[in-house]
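K.L.:
Structure in structure tokens, see below.
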Amino acid sequence: MVDDFQYTGQCKEILETAYAHVGDKIRLIIKRGNSPEVVEGLLMPRFATRDDEDCVVVKLKTGYNVGVRIDSGTKIEVIGKGTEPHFSRPELPPRQQGLPKVCIMSTGGTIASRVDYRTGAVKPALDADDLHSVVPELAQIANVDASIISNIFSENIGPPFWSKIAESIEKEIRKGTDGIVVAHGTDTLAYTSAALSFALNKPPIPIVLVGAQRSSDRPSSDAATNLLASSAIAGQAPFAGVVIAMHDWISDETIAVHRGTKVRKCHTSRRDAFRSINTSPLAYYDLIHRTLKMNTDDYDRRRNPNDWSIKPKFDPNVLLVKFHPGLSAGIIDWATATGYKGLILEGSGLGHISESLFSSLERAIKNGLVVGMCSQCIWGRVQLNVYSTGRDLLRIGVIPLYDMLSETALVKMMWAFGNEREPENVKQIMRTNLAQEFSERRVIEEKHDG
Amino acid sequence: MVEESMPIKAGLEVHRQLDTKHKLFCACPTFLGELEPEQKFLRRFRPTQSELGQVDRAALFEFNRGKGINYEYDHQTACLVECDEEPPGTLEKEAIEICLTAALLFNARPVDEIHVMRKIVIDGSNTTGFQRTCVIAMNGKMEVDGKTIPIDQISLEEDAARKTTQTRDTTGYRIDRLGIPLIEVTTAPVLQTPTEVEKVALAIGNILRTTRKVKRGLGSVRQDLNISIPNGSIVEIKGVQELELLGKVVKLEADRQKALLEIKEELRKRNVHAEDLLRNYVDVTRLFKETKARVFKEAISHNGVVLAVKLPKFGGIIGKELAPGLRLGTEMSSYAIFAGGVGGIFHSDELPAYGISQDEIEKTKTSLSLEHTDAFVLVADEYVRAKEALSAVIDRAIDAISKIPEETRNATPDGTSKFIRPRPSAARMYPETDVPPTTITDELMLNLTSNLPEKPEITIARLLTKYSLNQKLAKQLLDSDYLQLFETIVASSANVQPSFIATFLTETSKSLEREGVPVGTVPDEKIQNMFRLVNDGEVAKETMPELLKWQAKNPQGTMTEAIKSLGLRMLSKTELDSIIERHISKNKKLVAEKGTAAFASIMGSVMAEVRGMTDPKLVTELVKARLTKGTQ
């Protein structure tokens, strides 16, 4: 039973000697001067570990945890076997007839997480049924099927995962479902939404990606409201395609539905971290009245589920480089030498980089790399005709990528190289508006206040 | 009425705001917002499972009410942390040190490592749905009147948001107070009389004040009590703000429990059993079509229903008084409001009243087939709410047969209390994983031990010698919130007697408070300003009570405005001379006859005119001089 300790070093030894296990009711008798001190309670796992570990965590009768320093002089008595920490799952609510069929795919992340006692961090834990069971109202709006695609943190997700999830979605659509919800960690959610937007060519139903900015282990979590809204949207929305549905503001009132290629996480912690960039949200879902309102007429409609295809391959050999003053040309030379096929540059302003990088860039393009230009301003489009630096870049062969987000451009080029070998074809793909990744017009109403 | 001799077991929790620079988990200041809120946002909460896998019943209770919470924010007093839009920072060091100092003063043993916990509270008073709290020290003790009172625990927690509005479906909170550090001192449940509870609370307050790092004034102190009587139950009463009310709260709760035990006994005699209480809700809406009862008319006009339920053999019991203004019916009503979100209930012991006629009562009785010892309860609302409400009434009635329910109640200003929720179980806590544990080092403890604040008896001795206060005044100052302010003012007011300052801050302010002046709301700086004016001779010290009164009523007002609006100013010597001259010439005859012996009467008539506008000592001098001159 050594493994069930999350204790290390001296603490672990002392606890082992006393045959004390996590969850046991223990009595610690600590030598302090003349009068020994007694602490009684449940032995708790440590959720944060230090190298110089000398405290055990005891849950007192009052429910509080305290750290008690122990040493070889400490007497530990096991006075009762306790219950091991565990999570019980509430019963799933009964299904109702006549509701849309929605498939919730779980991929881990904050929308599905709980406390990890070993590291003290929030870790994915709840499976898809858990999501359903902690949000019983789901049963009123959709007939929910749940499946687990993976259980990894959002920052550990990469191109192979995008392929896997695209294939899983395809399978579900072929089986027949009215909508799909993908529960996903928020850090790389926008990359996945861009990837799916390209991998799924004109899907017939809504595919709603959703996350949470407050972990689901707390009463104020946005996981439940976001999941509820995205399930309603997946089941009922008139549009087809990949979107992200998250809080529109910090209030639990409105969920904004963002197009999968035009959305970015713009805040580290706020519930409304996701913003539509260079466009307005596609739709809004009212959490109070449970209604969806489209924000535009310009969208693909839900359709017959046969006339679509998937291209789930991605080639990870594309690099995203943010230009900054003092950037060394060496990074471009290195990318060229190590077999990268493409480069997305995040230029300054309208899409500029220092002249000192030009010769390396020229060499890269001559070697067959495809180089695209986005702007690090986030809002606005690149325009390489305004200044001489821009015109020089065009001459070298850099492709201006309009108002596409650099993250979307990166994913798109990975997808393009996943399906095309010829740089010229990739260039053509990069210039073509496939999944509304370019906006034709940018209007004043756009929010860009972060 | 409960006598002092009735055996009571009470424990006390004293919560006091700490006067730190920053809040407990962020860099926000620790004062309340004076401006209008700038933003509002809505949240809904869900219960979570604790680390032991149990869902807390109190948390579920709140969730089942399905309430939305409206939060009010301004950027001066709150940031993203209070909005639950940013993870908390680490525990504020200053707050930990104050608590550890208090721990030393209570002879308590600090924990080796502080673990911040999340205590589930989903009434909305915390934007996270939990209160962050941690144990700092345990097993302390203090002496009160020769008796040793064990201090079980000293903890540090974040203050909750302030409730601003309450409607049927939403509750409003201002989040400026959220996150202000609170120290909580918990005694063992060994207090036996209402007087003892008050004395212990006062003693705890005195010790906390010696740290000189606690806030004062209304809302900075809140006391919670847990009270039980033999055969009773532990009932927690929260939020007693005034020390003077504590004894009354204890008395009235003991009375309430005693009365509930009597009801239990009476129900036993009447042979009532839980199985007799059926959840048969009868729709009696049609009987009230023509009713004059406003609540019913309104409910019916909004497509609501009037539901009735029978409480067999409860006749006369629902109306029995438990404490002033509190009946079993009131308790049932609180449960109904809580569970169903209804406005309240009507029970047969209080009818006819509220526009419900005798005829309507008779018809209701008939439709419920009531016998004469039976009682009934009516509620009018949407069907689902009304049903939930009556179900809660039945639950409370079943409890009345068998026990006193363990509850958390809110203290009301008259000393009684109101049910808020069932008493929570220990499962409400789980670790706050966003905040790493804090190790308490031996060095820190050594440092704090060698810098302990003055003990109360030493403070008294110092007040006696250094400021020549008498014993009574020194003790009053120590028991008040103003010791620190006193010393600050004395240090900058060389021309004002310390005893005057002490009297003003204790007796005068207390008597003003009794008159209803909210003295506690006046900040220290404003009081300092008043004394500065006295010290500089700009106003007479006799005007201080007027100034304080004015300031309490005009929190935004300046002293210049106060002087203007109260018509206060100091007379110049020339003005004073001419006033004295006028009074002497009016009493020419007397002065001529008596000479300097006319002093008393001249002095009296001058003072009547100039009181509050000059220093009496100066008047004495000038009148004496003038009389001496006059007789020459």
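FYI, nothing fancy with the structure tokens labels: chains A, B, ... in order, residues from 1 per chain, ligands from 1 as they appear.
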Tell me, which residues of segment 262-363 of chain B carry DSSP alpha helix (DSSP H), written as an MDAnalysis selection string?
P.N.:
chainID B and resid 262:269 294:301 328:340 358:363
K.L.:
Would you list the contacts of Ile148 of chain A as a PyMOL selection string, taking every protein, DNA or RNA residue within 6 Å and counting only C-alpha atoms, but skipping same-chain residues closer than 2 positions in sequence?
P.N.:
chain A and resi 105-106+150
K.L.:
Record the distance separating atom CA of Thr268 of chain A and atom CA of Gly89 of chain B, expressed in Å with one decimal.
P.N.:
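Distance between the two atoms: 14.5 Å.
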K.L.:
For Arg431 of chain A, which residue out of A:Pro305, A:Met413, A:Tyr387, A:Ile104 is the nearest one, using only C-alpha atoms?
P.N.:
A:Met413
K.L.:
Calculated over only C-alpha atoms, which of the candidates B:Leu351, B:Val393, B:Ile440, B:Leu243 has the smallest distance to chain A?
P.N.:
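Ranked by minimum distance to chain A, first place goes to B:Ile440.
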K.L.:
How far is it from atom CA of Gln131 of chain B to atom CA of Gln17 of chain B, in Å with one decimal?
P.N.:
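Atom CA of Gln17 of chain B lies 14.8 Å from atom CA of Gln131 of chain B.
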K.L.:
What's around Glu487 of chain B at 9 Å? Count only C-alpha atoms, leave out sequence neighbours fewer than 5 positions away in its own chain, and write the answer as a list in words.
P.N.:
Tyr482, Ser492 and Pro498 of chain B
K.L.:
Filtering to N, CA and C atoms, could you give me those residues as a PDB file, in the first residue's frame?
P.N.:
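In the end it all went to selection-v2.pdb:
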ATOM      1  N   TYR B 482     -11.478  52.622  20.837  1.00  0.00           N
ATOM      2  CA  TYR B 482     -10.809  53.884  20.532  1.00  0.00           C
ATOM      3  C   TYR B 482      -9.446  54.099  21.183  1.00  0.00           C
ATOM      4  N   SER B 492      -1.071  64.562  19.258  1.00  0.00           N
ATOM      5  CA  SER B 492      -1.066  65.765  18.421  1.00  0.00           C
ATOM      6  C   SER B 492      -1.933  66.883  19.017  1.00  0.00           C
ATOM      7  N   PRO B 498      -5.905  65.028  28.169  1.00  0.00           N
ATOM      8  CA  PRO B 498      -6.148  63.622  27.788  1.00  0.00           C
ATOM      9  C   PRO B 498      -7.460  63.092  28.358  1.00  0.00           C
TER      10      PRO B 498
END
